[in-house]
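Step one of this worksheet: look at the structure below.
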Amino acid sequence: MDKFMDTQSDSERIMILARVVKQLERKVDFILSEMNLVYDDFGDDDLFDLDDVRAALLSGNKIEAIKLYRLQTGVGLKEAKDAVDEMAKGY
């Protein structure tokens with residue numbers, strides 16, 4: 001792959017690497033799923049912009065808040081619901 005990468009422009013290399021990263025993410029997600037494991041990014045919500053989640057909660061749309069939380073954080077449905085439930089306690 002190194003010789004191939006030497007002949008590519010920076011943008012082409014970035015696109016190739018982005019595809020490889022996506023493939024690895026899918027594989028890790030599959031492994032975690034098969035082993036019934038949950039990846040927790042140390043629970044640090046400050047890494048994510050959750051303003052849209054908060055706005056959905058404030059407008060009374062809990063399902064949308066859960067969807068947005070999942071999209072932002074990459075967690076599963078249960079984890080997102082639990083997190084949104086905790087957030088809702090503050091509103």
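We label chains A, B, ... in the order they appear in the structure tokens, count residues from 1 in each chain, and number ligands from 1 in the order shown.
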
List as a VMD selection string the protein and nucleic acid residues near Val84 in chain A, meaning an atom at most 12 Å away when only C-alpha atoms are counted, but skip any in the same chain fewer than 2 places from it.
chain A and resid 45 50 52 to 58 60 to 70 73 75 77 to 82 86 to 91

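Between CA of Ile14 in chain A and CA of Lys27 in chain A lies a distance of 19.9 Å.
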
So the first atom is CA of Gln8 in chain A and the second is CA of Asp29 in chain A; what is the distance between them in Å, to one decimal place?
29.5 Å

Running DSSP on the backbone, which parts of chain A land in helix (DSSP H, G or I), as a ChimeraX atom specification?
/A:2-6,10-34,45-47,51-58,62-73,77-89
